[in-house]
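J.: The file below is final-v6.cif, mmCIF, C-alpha atoms and all ligand atoms:
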data_query
loop_
_atom_site.label_atom_id
_atom_site.label_comp_id
_atom_site.auth_asym_id
_atom_site.auth_seq_id
_atom_site.Cartn_x
_atom_site.Cartn_y
_atom_site.Cartn_z
CA MET A 1 30.64 37.45 53.74
CA ARG A 2 33.61 35.88 51.99
CA ALA A 3 33.50 34.31 48.52
CA VAL A 4 35.68 31.42 49.65
CA ASP A 5 33.17 30.38 52.34
CA ILE A 6 30.36 30.34 49.78
CA ILE A 7 32.48 28.22 47.43
CA ILE A 8 33.31 25.78 50.24
CA LYS A 9 29.67 25.54 51.26
CA LYS A 10 28.62 24.59 47.74
CA ARG A 11 31.60 22.25 47.41
CA ASP A 12 30.35 20.51 50.54
CA ARG A 13 26.87 20.11 49.02
CA GLN A 14 25.13 22.56 51.31
CA GLU A 15 22.27 24.82 50.31
CA LEU A 16 23.18 28.49 49.85
CA SER A 17 20.95 31.14 51.37
CA ARG A 18 19.41 33.90 49.26
CA GLU A 19 21.76 36.42 50.90
CA GLU A 20 24.82 34.36 50.00
CA ILE A 21 23.70 33.99 46.39
CA GLU A 22 22.91 37.70 46.09
CA TYR A 23 26.25 38.65 47.64
CA PHE A 24 28.18 36.35 45.30
CA VAL A 25 26.42 37.56 42.15
CA GLN A 26 26.66 41.24 43.02
CA ALA A 27 30.30 41.06 44.09
CA TYR A 28 31.24 39.12 40.93
CA ALA A 29 29.35 41.53 38.68
CA GLY A 30 30.98 44.46 40.47
CA GLY A 31 34.50 43.08 40.03
CA ASP A 32 35.05 42.31 43.73
CA ILE A 33 35.17 38.55 43.20
CA PRO A 34 37.82 37.46 40.67
CA ASP A 35 37.22 35.02 37.81
CA TYR A 36 39.16 32.22 39.55
CA GLN A 37 36.77 32.23 42.50
CA ALA A 38 33.71 32.51 40.28
CA SER A 39 34.92 29.54 38.20
CA ALA A 40 35.48 27.43 41.33
CA TRP A 41 31.97 28.32 42.48
CA ALA A 42 30.46 27.54 39.05
CA MET A 43 32.23 24.15 39.06
CA ALA A 44 30.87 23.42 42.55
CA VAL A 45 27.35 24.27 41.33
CA LEU A 46 27.84 22.09 38.26
CA LEU A 47 29.00 19.14 40.34
CA ASN A 48 26.64 19.47 43.30
CA GLY A 49 23.58 21.16 41.81
CA MET A 50 21.16 23.62 43.36
CA THR A 51 17.65 23.29 44.71
CA ALA A 52 14.77 24.94 42.83
CA ARG A 53 14.77 27.65 45.51
CA GLU A 54 18.48 28.35 45.07
CA THR A 55 18.09 28.43 41.27
CA THR A 56 15.21 30.88 41.50
CA ASP A 57 17.23 33.11 43.86
CA LEU A 58 20.22 32.88 41.52
CA THR A 59 18.04 33.83 38.54
CA LEU A 60 16.60 36.85 40.31
CA ALA A 61 20.02 37.93 41.62
CA ILE A 62 21.45 37.81 38.08
CA ALA A 63 18.40 39.58 36.64
CA HIS A 64 18.76 42.30 39.28
CA SER A 65 22.50 42.74 38.74
CA GLY A 66 21.43 45.49 36.34
CA GLU A 67 18.25 47.22 35.30
CA THR A 68 15.07 45.26 34.72
CA LEU A 69 12.82 46.63 32.03
CA ASP A 70 9.08 47.02 32.32
CA LEU A 71 7.78 46.97 28.76
CA THR A 72 4.11 47.33 29.60
CA GLY A 73 4.09 51.05 28.79
CA VAL A 74 6.17 50.57 25.63
CA VAL A 75 4.21 47.92 23.69
CA PRO A 76 0.95 46.09 24.50
CA VAL A 77 2.71 42.71 24.79
CA ALA A 78 6.33 41.82 24.07
CA VAL A 79 7.32 38.22 23.32
CA ASP A 80 10.68 36.51 23.21
CA LYS A 81 12.18 33.12 22.53
CA HIS A 82 15.36 31.55 23.82
CA SER A 83 17.18 28.37 22.92
CA THR A 84 19.25 26.49 25.45
CA GLY A 85 21.92 26.06 22.79
CA GLY A 86 22.46 23.75 19.89
CA VAL A 87 24.42 23.15 16.70
CA GLY A 88 23.21 24.96 13.59
CA ASP A 89 20.54 26.70 15.63
CA LYS A 90 19.95 29.95 13.78
CA THR A 91 16.23 29.91 14.65
CA THR A 92 16.16 33.40 16.21
CA LEU A 93 17.26 35.00 12.95
CA VAL A 94 14.15 33.68 11.21
CA VAL A 95 11.54 33.36 13.96
CA GLU A 96 11.83 36.83 15.43
CA PRO A 97 11.25 38.64 12.10
CA ILE A 98 8.34 36.28 11.33
CA VAL A 99 6.67 37.03 14.64
CA ALA A 100 7.32 40.77 14.34
CA ALA A 101 5.84 40.65 10.83
CA CYS A 102 2.70 39.11 12.35
CA GLY A 103 2.34 42.17 14.56
CA LEU A 104 3.84 40.92 17.82
CA PRO A 105 6.69 43.05 19.20
CA VAL A 106 9.88 41.08 19.95
CA GLY A 107 12.54 42.40 22.32
CA LYS A 108 15.37 39.89 22.47
CA MET A 109 18.55 39.70 24.46
CA SER A 110 20.74 36.97 22.96
CA GLY A 111 23.97 35.26 23.87
CA ARG A 112 27.27 34.35 22.27
CA GLY A 113 28.53 30.89 21.40
CA LEU A 114 28.79 28.68 24.44
CA GLY A 115 30.95 25.55 24.38
CA PHE A 116 30.20 23.63 21.16
CA SER A 117 26.93 25.54 20.58
CA GLY A 118 26.69 28.65 18.45
CA GLY A 119 25.41 32.04 19.65
CA THR A 120 23.08 34.47 17.93
CA LEU A 121 25.26 37.51 18.64
CA ASP A 122 28.32 35.92 17.02
CA LYS A 123 26.21 35.03 13.99
CA MET A 124 24.76 38.51 13.62
CA GLU A 125 28.22 40.08 13.95
CA SER A 126 29.13 38.36 10.67
CA ILE A 127 27.25 41.31 9.18
CA PRO A 128 29.66 44.26 9.23
CA GLY A 129 28.52 47.10 11.45
CA PHE A 130 25.70 45.19 13.19
CA ARG A 131 25.58 46.40 16.79
CA THR A 132 24.80 43.98 19.60
CA ASP A 133 25.51 46.43 22.44
CA LEU A 134 22.42 48.61 22.46
CA SER A 135 21.81 50.80 25.48
CA THR A 136 18.56 50.45 27.38
CA GLU A 137 17.22 53.62 25.75
CA GLU A 138 18.04 52.27 22.31
CA PHE A 139 16.45 48.91 23.15
CA LEU A 140 13.21 50.54 24.28
CA GLU A 141 13.07 53.05 21.44
CA GLN A 142 13.64 50.38 18.80
CA LEU A 143 11.06 48.08 20.37
CA ARG A 144 8.52 50.89 20.35
CA THR A 145 9.20 52.12 16.83
CA GLN A 146 10.19 48.91 14.99
CA GLY A 147 8.70 46.14 17.12
CA LEU A 148 11.91 44.13 16.76
CA VAL A 149 15.22 44.33 18.68
CA LEU A 150 18.07 41.84 18.96
CA THR A 151 20.84 42.75 21.33
CA GLY A 152 23.24 41.25 23.86
CA GLN A 153 23.63 41.62 27.59
CA SER A 154 24.78 45.14 28.20
CA ALA A 155 26.38 46.71 31.23
CA GLU A 156 22.82 47.71 32.04
CA LEU A 157 20.82 44.49 31.55
CA ALA A 158 21.76 41.31 33.45
CA PRO A 159 25.49 42.19 33.42
CA ALA A 160 26.26 39.31 35.79
CA ASP A 161 25.03 36.87 33.15
CA GLY A 162 27.34 38.41 30.56
CA LYS A 163 30.36 37.81 32.82
CA LEU A 164 29.31 34.38 34.03
CA TYR A 165 28.37 33.23 30.54
CA ALA A 166 31.80 34.08 29.14
CA LEU A 167 33.47 32.42 32.12
CA ARG A 168 31.40 29.22 31.91
CA ASP A 169 32.18 28.93 28.21
CA VAL A 170 35.87 28.38 28.93
CA THR A 171 35.81 26.62 32.31
CA GLY A 172 33.77 23.51 31.50
CA THR A 173 30.82 24.78 33.51
CA VAL A 174 28.13 25.15 30.88
CA GLN A 175 26.31 21.86 31.30
CA SER A 176 24.45 22.54 34.53
CA ILE A 177 20.68 22.79 34.91
CA PRO A 178 20.75 25.60 37.55
CA LEU A 179 23.38 27.59 35.63
CA ILE A 180 21.55 27.28 32.30
CA ALA A 181 18.12 27.98 33.81
CA SER A 182 19.35 31.07 35.68
CA SER A 183 21.31 32.35 32.69
CA VAL A 184 18.38 32.05 30.30
CA MET A 185 15.66 33.23 32.67
CA SER A 186 17.62 36.16 34.14
CA LYS A 187 17.99 37.62 30.65
CA LYS A 188 14.32 37.07 29.91
CA ILE A 189 13.24 38.67 33.18
CA ALA A 190 15.61 41.62 32.78
CA SER A 191 14.56 42.37 29.22
CA GLY A 192 10.90 42.43 30.19
CA ALA A 193 9.20 40.04 27.74
CA GLN A 194 5.79 39.04 29.05
CA ALA A 195 5.49 35.83 27.00
CA ILE A 196 8.45 33.54 26.38
CA VAL A 197 8.96 30.41 24.28
CA LEU A 198 11.86 28.31 25.52
CA ASP A 199 13.45 26.00 22.97
CA VAL A 200 15.04 23.31 25.13
CA LYS A 201 17.40 21.26 23.00
CA VAL A 202 17.96 17.62 23.80
CA GLY A 203 20.47 15.19 22.35
CA ASN A 204 24.19 14.74 21.80
CA GLY A 205 24.52 18.28 20.41
CA ALA A 206 22.76 19.88 23.37
CA PHE A 207 23.67 20.55 26.97
CA MET A 208 20.80 18.27 28.00
CA GLN A 209 21.62 14.82 26.66
CA THR A 210 18.51 12.97 27.82
CA LEU A 211 14.79 13.69 27.70
CA ASP A 212 14.68 13.35 31.47
CA GLU A 213 17.26 16.14 31.98
CA ALA A 214 15.56 18.29 29.33
CA HIS A 215 12.21 17.89 31.10
CA LYS A 216 13.79 18.97 34.39
CA LEU A 217 15.35 22.06 32.83
CA ALA A 218 12.15 22.93 30.96
CA GLU A 219 9.93 22.56 34.03
CA LEU A 220 12.30 24.60 36.17
CA MET A 221 12.43 27.46 33.65
CA VAL A 222 8.66 27.50 33.17
CA SER A 223 8.17 27.61 36.96
CA ILE A 224 10.69 30.47 37.31
CA ALA A 225 8.84 32.36 34.58
CA THR A 226 5.53 31.85 36.36
CA LEU A 227 7.02 33.04 39.68
CA ALA A 228 8.27 36.14 37.88
CA GLY A 229 4.78 36.80 36.49
CA ARG A 230 5.57 35.80 32.86
CA ARG A 231 3.83 33.33 30.56
CA ALA A 232 6.16 30.63 29.23
CA VAL A 233 6.04 27.47 27.16
CA ALA A 234 9.01 25.14 26.71
CA LEU A 235 9.43 23.03 23.57
CA LEU A 236 11.70 20.01 23.81
CA SER A 237 13.40 19.82 20.42
CA ASP A 238 15.83 17.35 18.90
CA MET A 239 19.55 18.09 18.81
CA ASN A 240 20.95 14.67 17.95
CA GLN A 241 21.83 16.04 14.52
CA PRO A 242 22.54 19.64 13.50
CA LEU A 243 19.52 21.82 12.73
CA GLY A 244 19.41 22.71 9.03
CA GLN A 245 22.62 22.37 7.06
CA ALA A 246 24.85 25.30 8.02
CA VAL A 247 27.03 25.37 11.15
CA GLY A 248 29.30 28.40 11.64
CA ASN A 249 28.47 32.07 11.87
CA ALA A 250 28.34 33.57 8.36
CA LEU A 251 27.24 30.24 6.87
CA GLU A 252 24.29 30.23 9.26
CA VAL A 253 23.39 33.82 8.43
CA LYS A 254 23.29 32.82 4.75
CA GLU A 255 21.01 29.88 5.54
CA ALA A 256 18.72 32.12 7.61
CA ILE A 257 18.54 34.58 4.70
CA ASP A 258 17.59 31.73 2.31
CA THR A 259 14.91 30.64 4.76
CA LEU A 260 13.56 34.17 5.09
CA HIS A 261 13.25 34.16 1.29
CA GLY A 262 11.11 31.00 1.51
CA GLY A 263 13.92 28.47 0.86
CA GLY A 264 16.34 26.87 3.30
CA PRO A 265 16.46 23.30 4.57
CA LYS A 266 13.04 21.74 5.24
CA ASP A 267 13.78 20.69 8.85
CA PHE A 268 14.95 24.18 9.73
CA GLN A 269 11.99 25.84 8.05
CA MET A 270 9.53 23.57 9.88
CA HIS A 271 11.32 24.12 13.20
CA CYS A 272 10.99 27.90 12.74
CA LEU A 273 7.29 27.67 11.83
CA VAL A 274 6.54 25.63 14.95
CA VAL A 275 8.48 27.93 17.29
CA ALA A 276 6.87 31.00 15.68
CA SER A 277 3.40 29.46 16.03
CA HIS A 278 3.88 28.96 19.78
CA LEU A 279 4.99 32.58 20.13
CA LEU A 280 1.95 33.77 18.20
CA VAL A 281 -0.38 31.74 20.41
CA LEU A 282 1.33 32.82 23.64
CA GLY A 283 1.28 36.46 22.54
CA GLY A 284 -2.45 36.25 21.76
CA LYS A 285 -2.20 36.70 17.97
CA ALA A 286 -3.25 33.18 17.01
CA ALA A 287 -5.99 31.01 18.50
CA ASP A 288 -4.00 27.80 18.16
CA GLU A 289 -0.78 26.44 16.70
CA ALA A 290 -2.34 25.61 13.33
CA GLU A 291 -3.43 29.23 12.91
CA GLY A 292 -0.02 30.39 14.16
CA GLN A 293 1.77 28.24 11.58
CA ALA A 294 -0.45 29.54 8.77
CA MET A 295 0.31 33.13 9.85
CA ALA A 296 4.04 32.37 10.04
CA LEU A 297 4.01 30.80 6.58
CA GLN A 298 2.20 33.82 5.21
CA ALA A 299 4.81 36.15 6.78
CA LEU A 300 7.56 34.18 5.03
CA GLY A 301 5.74 33.85 1.70
CA SER A 302 4.77 37.52 1.49
CA GLY A 303 8.37 38.65 2.06
CA GLU A 304 7.24 40.58 5.15
CA ALA A 305 9.51 38.59 7.50
CA TRP A 306 12.50 39.27 5.25
CA LYS A 307 11.66 42.99 5.25
CA ARG A 308 11.58 42.97 9.06
CA PHE A 309 14.98 41.26 9.20
CA ARG A 310 16.41 43.79 6.75
CA THR A 311 15.06 46.69 8.79
CA LEU A 312 16.47 45.14 11.96
CA VAL A 313 19.94 44.92 10.40
CA MET A 314 19.75 48.47 9.09
CA THR A 315 18.43 49.93 12.36
CA GLN A 316 21.24 48.31 14.35
CA GLY A 317 23.91 49.70 12.04
CA GLY A 318 24.51 46.63 9.88
CA ASP A 319 25.53 47.05 6.24
CA VAL A 320 22.49 45.67 4.39
CA SER A 321 24.46 45.19 1.18
CA PHE A 322 25.91 42.10 2.92
CA ILE A 323 22.50 40.53 3.43
CA ASP A 324 21.12 41.68 0.07
CA HIS A 325 24.19 40.02 -1.50
CA PRO A 326 25.12 37.26 0.98
CA GLU A 327 28.09 36.31 -1.19
CA LYS A 328 29.73 39.41 0.35
CA LEU A 329 29.57 37.87 3.86
CA PRO A 330 32.88 36.57 5.23
CA ALA A 331 33.96 33.49 3.24
CA ALA A 332 36.70 30.97 4.06
CA ARG A 333 39.71 30.46 1.78
CA LEU A 334 39.79 26.66 1.98
CA VAL A 335 36.70 24.62 1.12
CA GLU A 336 36.82 20.84 1.00
CA ALA A 337 34.30 18.00 1.25
CA VAL A 338 34.22 14.85 3.36
CA CYS A 339 32.70 12.16 1.13
CA ALA A 340 30.94 8.92 2.00
CA GLY A 341 33.28 5.93 1.95
CA ARG A 342 30.35 3.55 1.35
CA SER A 343 26.67 3.52 0.41
CA GLY A 344 23.93 3.10 2.99
CA PHE A 345 21.39 4.76 5.25
CA LEU A 346 22.70 7.30 7.72
CA SER A 347 21.88 6.25 11.28
CA MET A 348 23.78 9.10 12.98
CA VAL A 349 25.06 12.60 12.14
CA ASN A 350 26.62 13.49 15.45
CA ALA A 351 25.72 17.10 16.25
CA ARG A 352 28.25 17.32 19.09
CA GLU A 353 31.12 16.28 16.81
CA VAL A 354 30.01 18.79 14.17
CA GLY A 355 29.71 21.57 16.78
CA GLU A 356 33.10 20.84 18.31
CA THR A 357 34.70 20.66 14.87
CA SER A 358 33.23 24.05 14.04
CA VAL A 359 34.73 25.49 17.25
CA LEU A 360 38.06 23.88 16.35
CA LEU A 361 37.94 25.65 12.98
CA GLY A 362 37.61 28.98 14.86
CA ALA A 363 33.82 29.53 14.88
CA GLY A 364 33.77 29.43 18.70
CA ARG A 365 36.09 30.31 21.57
CA ALA A 366 38.61 28.30 23.58
CA THR A 367 39.45 31.23 25.87
CA LYS A 368 37.45 34.34 26.79
CA GLU A 369 39.75 36.55 24.75
CA ASP A 370 39.57 34.47 21.56
CA LEU A 371 38.33 36.21 18.45
CA ILE A 372 35.74 34.40 16.35
CA ASP A 373 36.39 33.60 12.71
CA HIS A 374 32.99 34.34 11.20
CA ALA A 375 33.80 32.70 7.88
CA VAL A 376 34.58 29.16 8.97
CA GLY A 377 32.19 26.27 9.56
CA ILE A 378 30.61 23.20 8.09
CA ILE A 379 27.78 22.41 5.68
CA VAL A 380 26.02 19.19 6.67
CA HIS A 381 24.57 17.62 3.52
CA HIS A 382 22.45 14.81 4.95
CA LYS A 383 20.04 13.93 7.74
CA VAL A 384 19.60 10.74 9.71
CA GLY A 385 17.50 8.36 7.56
CA ASP A 386 18.90 9.60 4.21
CA TRP A 387 20.26 7.05 1.77
CA VAL A 388 23.72 8.20 0.65
CA ALA A 389 25.70 6.75 -2.24
CA ASP A 390 29.43 5.96 -2.00
CA GLY A 391 31.44 9.10 -2.86
CA GLN A 392 28.66 11.62 -2.22
CA PRO A 393 29.58 14.60 0.00
CA LEU A 394 28.60 14.25 3.66
CA PHE A 395 30.07 17.53 4.89
CA THR A 396 31.76 20.54 3.32
CA VAL A 397 34.36 22.16 5.54
CA HIS A 398 35.05 25.91 5.27
CA ALA A 399 38.42 26.71 6.86
CA ASN A 400 41.01 29.43 6.92
CA ARG A 401 43.97 27.31 8.10
CA ALA A 402 45.28 24.22 6.33
CA ASP A 403 46.11 22.37 9.59
CA LEU A 404 42.64 23.00 10.99
CA LEU A 405 41.06 21.94 7.70
CA GLN A 406 42.90 18.59 7.89
CA ALA A 407 41.92 18.10 11.52
CA ALA A 408 38.28 18.90 10.71
CA LEU A 409 38.17 16.52 7.72
CA GLU A 410 39.51 13.69 9.87
CA ARG A 411 37.18 14.39 12.76
CA LEU A 412 34.08 14.64 10.60
CA SER A 413 34.74 11.35 8.84
CA GLY A 414 33.99 9.72 12.21
CA ALA A 415 30.88 11.82 12.89
CA VAL A 416 28.42 9.59 11.01
CA ALA A 417 27.19 6.02 11.42
CA TRP A 418 25.65 3.76 8.79
CA SER A 419 22.97 1.14 8.46
CA ASP A 420 22.23 -1.26 5.61
CA THR A 421 18.53 -1.16 6.38
CA PRO A 422 16.22 1.90 6.37
CA VAL A 423 16.47 4.20 9.40
CA ALA A 424 13.61 6.37 10.72
CA GLU A 425 13.99 10.15 10.50
CA LEU A 426 14.56 11.92 13.82
CA PRO A 427 11.59 13.89 15.17
CA LEU A 428 11.90 17.68 15.31
CA PHE A 429 10.12 17.98 18.69
CA TYR A 430 9.52 15.64 21.62
CA ASP A 431 7.23 17.49 24.00
CA VAL A 432 5.71 20.79 25.07
CA ILE A 433 5.85 21.88 28.73
CA ARG A 434 3.38 24.55 29.84
N1 LIG A 501 21.67 30.02 26.72
C1 LIG A 501 21.92 30.90 27.71
O1 LIG A 501 21.56 32.06 27.63
N2 LIG A 501 22.60 30.47 28.78
C2 LIG A 501 23.01 29.21 28.94
O2 LIG A 501 23.58 28.90 29.94
C3 LIG A 501 22.74 28.29 27.90
C4 LIG A 501 22.07 28.72 26.80
#
What is this file in structure tokens?

T.:
Amino acid sequence: MRAVDIIIKKRDRQELSREEIEYFVQAYAGGDIPDYQASAWAMAVLLNGMTARETTDLTLAIAHSGETLDLTGVVPVAVDKHSTGGVGDKTTLVVEPIVAACGLPVGKMSGRGLGFSGGTLDKMESIPGFRTDLSTEEFLEQLRTQGLVLTGQSAELAPADGKLYALRDVTGTVQSIPLIASSVMSKKIASGAQAIVLDVKVGNGAFMQTLDEAHKLAELMVSIATLAGRRAVALLSDMNQPLGQAVGNALEVKEAIDTLHGGGPKDFQMHCLVVASHLLVLGGKAADEAEGQAMALQALGSGEAWKRFRTLVMTQGGDVSFIDHPEKLPAARLVEAVCAGRSGFLSMVNAREVGETSVLLGAGRATKEDLIDHAVGIIVHHKVGDWVADGQPLFTVHANRADLLQAALERLSGAVAWSDTPVAELPLFYDVIR
């Protein structure tokens, strides 16, 4: 087989066979297909799509590009959650310790920032020393002894996703239902979780812009999970405005720490409680979501979830003095607010604009080799529906370069819209797909 023929076939809108998909994934993971051919192929998939059969084959090929873990002998049931990517989405940092504190083991393989959306690994690496490259042995041992692991794709687990993910980030090929579904589900299948909650973001700050697209992605991922013998639930959650207030790696870690201490923005706290409750139900710890939420709240209130997060950081080599004293986390040199130029009700806080501005400041990557600036980002002070007085801060920009600060201030002043009459709050969730 030749990579170029497979690219041409997809360019010409034909269906790829399982053998062609497996060949392409294996050869790319093994270094026999170069990045330029893989990016042409990814663009052809983005433009022409894939059938459900092709997407399932792609998912399994990526999952089998490395080891696949069977956790049944390690813990009675392991759960996991995965977000399809949003702005200010630091949910994993709070939900996974909550769920672990409720007695459900969590083995999670996370990703890096993708396009305008942030990534859990980049956030956690704001904590000096925190390792996101655990070996399979370390993953299993930590899951068994601590009941909580948070790592990235390694050379051993779904390595093809690691390569494709980084490539898609910088080649405009993120926003594709088959590529997102296979990326998310291959990691979940490889890392062995038996019960998975998928947080499918929808809105201008998500890869799925409409509820219709989000439904398609959610249904596809749930059906892939079922085919792979896993239990999955997909939540369709709002991403028309950033989640919580903090956007940017260290800023988001600080907000997650506040939330683990029982504070944090109300929308973010509620989002975490709902996601945690679904995990607790799916993992058999709670009879229904109401019981799951009560358990999650208890895990936050008792400090148990915070303790689990602290142990996670320590076990994976992170310096806990940085989370015990979050003021030690990387901080930007230049901090300046964008203030309201009028009074009124906010009718839009554009999550996409905020996410792209955060990438522009250095919180995300423009090329695969780019280094992240963990300190930079944006604090979003208001939600859609809030009444804001003239002169009040809308955003606070944290920057390390004066030119980027100026660019961010200008861009963010156009990221809101106003109404003279009251505006309804945005919902946190739209639907649940089982
Ligand atoms: N999360 C992933 O792991 N992959 C994607 O493609 C998008 C979000």

J.: Could you pull the residues within 9 Å of Ala63 of chain A, counting only C-alpha atoms, minus those fewer than 3 positions along the same chain, as a VMD selection string?

T.: chain A and resid 58 to 60 66 to 68 157 to 161 182 to 183 185 to 191

J.: I want to know what sits within 9 Å of Ile180 of chain A, based on all atoms listed in the file, with residues of the same chain fewer than 5 positions away left out; could you give that as a ChimeraX atom specification?

T.: /A:84,174-175,185,207,217

J.: With only C-alpha atoms as the atoms that count, which of A:Val281, A:Leu312, A:Val184, A:Ala3 lies nearest to Arg131 of chain A?

T.: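 Of A:Val281, A:Leu312, A:Val184, A:Ala3, the one nearest Arg131 of chain A is A:Leu312, counting only C-alpha atoms.
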
J.: Could you list, as a count of residues only, all the residues within 10 Å of ligand LIG 501 (chain A), counting all atoms listed in the file?

T.: 45

J.: Of the residues A:Ala42, A:Leu360, A:Val432, A:Leu300, which is the one nearest to Leu236 of chain A, using only C-alpha atoms?

T.: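 Looking only at the distances to Leu236 of chain A, the closest residue turns out to be A:Val432.
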
J.: List the neighbours of Pro265 of chain A out to 12 Å using all atoms listed in the file; skip same-chain residues closer than 2 positions along the sequence, and give me the result as a list in words.

T.: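 Residues meeting the cut-off are Gly88, Lys90, Pro242, Leu243, Gly244, Gln245, Ala246, Glu252, Lys254, Glu255, Ala256, Ile257, Asp258, Thr259, Leu260, His261, Gly262, Gly263, Asp267, Phe268, Gln269, Met270, His271, Cys272, Ile379, Val380, His381, His382 and Lys383 of chain A.
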
J.: Rounded to one decimal, what separation in Å do you get between atom CA of Glu22 of chain A and atom CA of Gln37 of chain A?

T.: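 It comes out at 15.3 Å.
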
J.: Could you please determine the separation between atom CA of Leu93 of chain A and atom CA of Arg401 of chain A in Å, to one decimal place?

T.: 28.2 Å

J.: At a cut-off of 7 Å, using only C-alpha atoms, what residues contact Ala305 of chain A? Leave out same-chain residues fewer than 2 positions from it and give the result as a list in words.

T.: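 Listed by chain and then number, they are Pro97, Ile98, Ala101, Leu260, Ala299, Leu300, Gly303, Lys307, Arg308 and Phe309 of chain A.
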
J.: Would you mind listing what lies within 8 Å of Ala29 of chain A as a PyMOL selection string, with all atoms listed in the file counted and same-chain residues fewer than 2 positions away left out?

T.: chain A and resi 25-27+31-33+65+159-160+163

J.: Check the smallest atom-to-atom distance from each of A:Leu394, A:Leu371, A:Ala415, A:Val79 to Leu104 of chain A using all atoms listed in the file, then report the winner.

T.: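 So, comparing all the options, the nearest one is A:Val79.
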
J.: So what do you get for atom CA of Asp403 of chain A versus atom CA of Ile378 of chain A, distance-wise?

T.: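 These atoms are spaced 15.6 Å apart.
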
J.: Pick from A:Asp70, A:Glu137, A:Asp80, A:Glu353: nearest to Gly205 of chain A, with only C-alpha atoms counted?

T.: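 Answer, going by the shortest atom-to-atom distance: A:Glu353.
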
J.: From the set A:Ala424, A:Cys102, A:Ala225, A:Met295, which residue has the shortest atom-to-atom contact distance to Ala195 of chain A, counting all atoms listed in the file?

T.: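 Answer, going by the shortest atom-to-atom distance: A:Ala225.
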
J.: Between A:Val170, A:Leu279, A:Lys123, A:Thr421, which one has atoms that come closest to Asp89 of chain A, using all atoms listed in the file?

T.: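 Using all atoms listed in the file, Asp89 of chain A sits closest to A:Lys123.
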
J.: Write out N, CA, C and O atoms for segment 346-356 of chain A, as a PDB file, in the frame of the given file.

T.:
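selection.pdb was written with the following content:
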ATOM      1  N   LEU A 346      22.013   6.660   6.583  1.00  0.00           N
ATOM      2  CA  LEU A 346      22.700   7.300   7.720  1.00  0.00           C
ATOM      3  C   LEU A 346      21.903   7.031   8.994  1.00  0.00           C
ATOM      4  O   LEU A 346      20.703   7.319   9.050  1.00  0.00           O
ATOM      5  N   SER A 347      22.573   6.485  10.013  1.00  0.00           N
ATOM      6  CA  SER A 347      21.880   6.250  11.280  1.00  0.00           C
ATOM      7  C   SER A 347      22.321   7.260  12.337  1.00  0.00           C
ATOM      8  O   SER A 347      21.748   7.318  13.419  1.00  0.00           O
ATOM      9  N   MET A 348      23.351   8.049  12.048  1.00  0.00           N
ATOM     10  CA  MET A 348      23.780   9.100  12.980  1.00  0.00           C
ATOM     11  C   MET A 348      24.533  10.198  12.234  1.00  0.00           C
ATOM     12  O   MET A 348      25.331   9.896  11.347  1.00  0.00           O
ATOM     13  N   VAL A 349      24.228  11.450  12.569  1.00  0.00           N
ATOM     14  CA  VAL A 349      25.060  12.600  12.140  1.00  0.00           C
ATOM     15  C   VAL A 349      25.295  13.345  13.445  1.00  0.00           C
ATOM     16  O   VAL A 349      24.441  14.112  13.892  1.00  0.00           O
ATOM     17  N   ASN A 350      26.415  13.086  14.065  1.00  0.00           N
ATOM     18  CA  ASN A 350      26.620  13.490  15.450  1.00  0.00           C
ATOM     19  C   ASN A 350      26.777  15.016  15.590  1.00  0.00           C
ATOM     20  O   ASN A 350      27.795  15.596  15.205  1.00  0.00           O
ATOM     21  N   ALA A 351      25.732  15.630  16.149  1.00  0.00           N
ATOM     22  CA  ALA A 351      25.720  17.100  16.250  1.00  0.00           C
ATOM     23  C   ALA A 351      26.870  17.607  17.125  1.00  0.00           C
ATOM     24  O   ALA A 351      27.476  18.635  16.830  1.00  0.00           O
ATOM     25  N   ARG A 352      27.178  16.886  18.198  1.00  0.00           N
ATOM     26  CA  ARG A 352      28.250  17.320  19.090  1.00  0.00           C
ATOM     27  C   ARG A 352      29.586  17.380  18.348  1.00  0.00           C
ATOM     28  O   ARG A 352      30.338  18.350  18.454  1.00  0.00           O
ATOM     29  N   GLU A 353      29.859  16.326  17.563  1.00  0.00           N
ATOM     30  CA  GLU A 353      31.120  16.280  16.810  1.00  0.00           C
ATOM     31  C   GLU A 353      31.182  17.444  15.817  1.00  0.00           C
ATOM     32  O   GLU A 353      32.221  18.075  15.643  1.00  0.00           O
ATOM     33  N   VAL A 354      30.042  17.699  15.163  1.00  0.00           N
ATOM     34  CA  VAL A 354      30.010  18.790  14.170  1.00  0.00           C
ATOM     35  C   VAL A 354      30.231  20.130  14.887  1.00  0.00           C
ATOM     36  O   VAL A 354      31.025  20.965  14.439  1.00  0.00           O
ATOM     37  N   GLY A 355      29.572  20.312  16.034  1.00  0.00           N
ATOM     38  CA  GLY A 355      29.710  21.570  16.780  1.00  0.00           C
ATOM     39  C   GLY A 355      31.140  21.765  17.264  1.00  0.00           C
ATOM     40  O   GLY A 355      31.715  22.857  17.146  1.00  0.00           O
ATOM     41  N   GLU A 356      31.730  20.694  17.787  1.00  0.00           N
ATOM     42  CA  GLU A 356      33.100  20.840  18.310  1.00  0.00           C
ATOM     43  C   GLU A 356      34.089  21.065  17.160  1.00  0.00           C
ATOM     44  O   GLU A 356      35.059  21.806  17.307  1.00  0.00           O
TER      45      GLU A 356
END
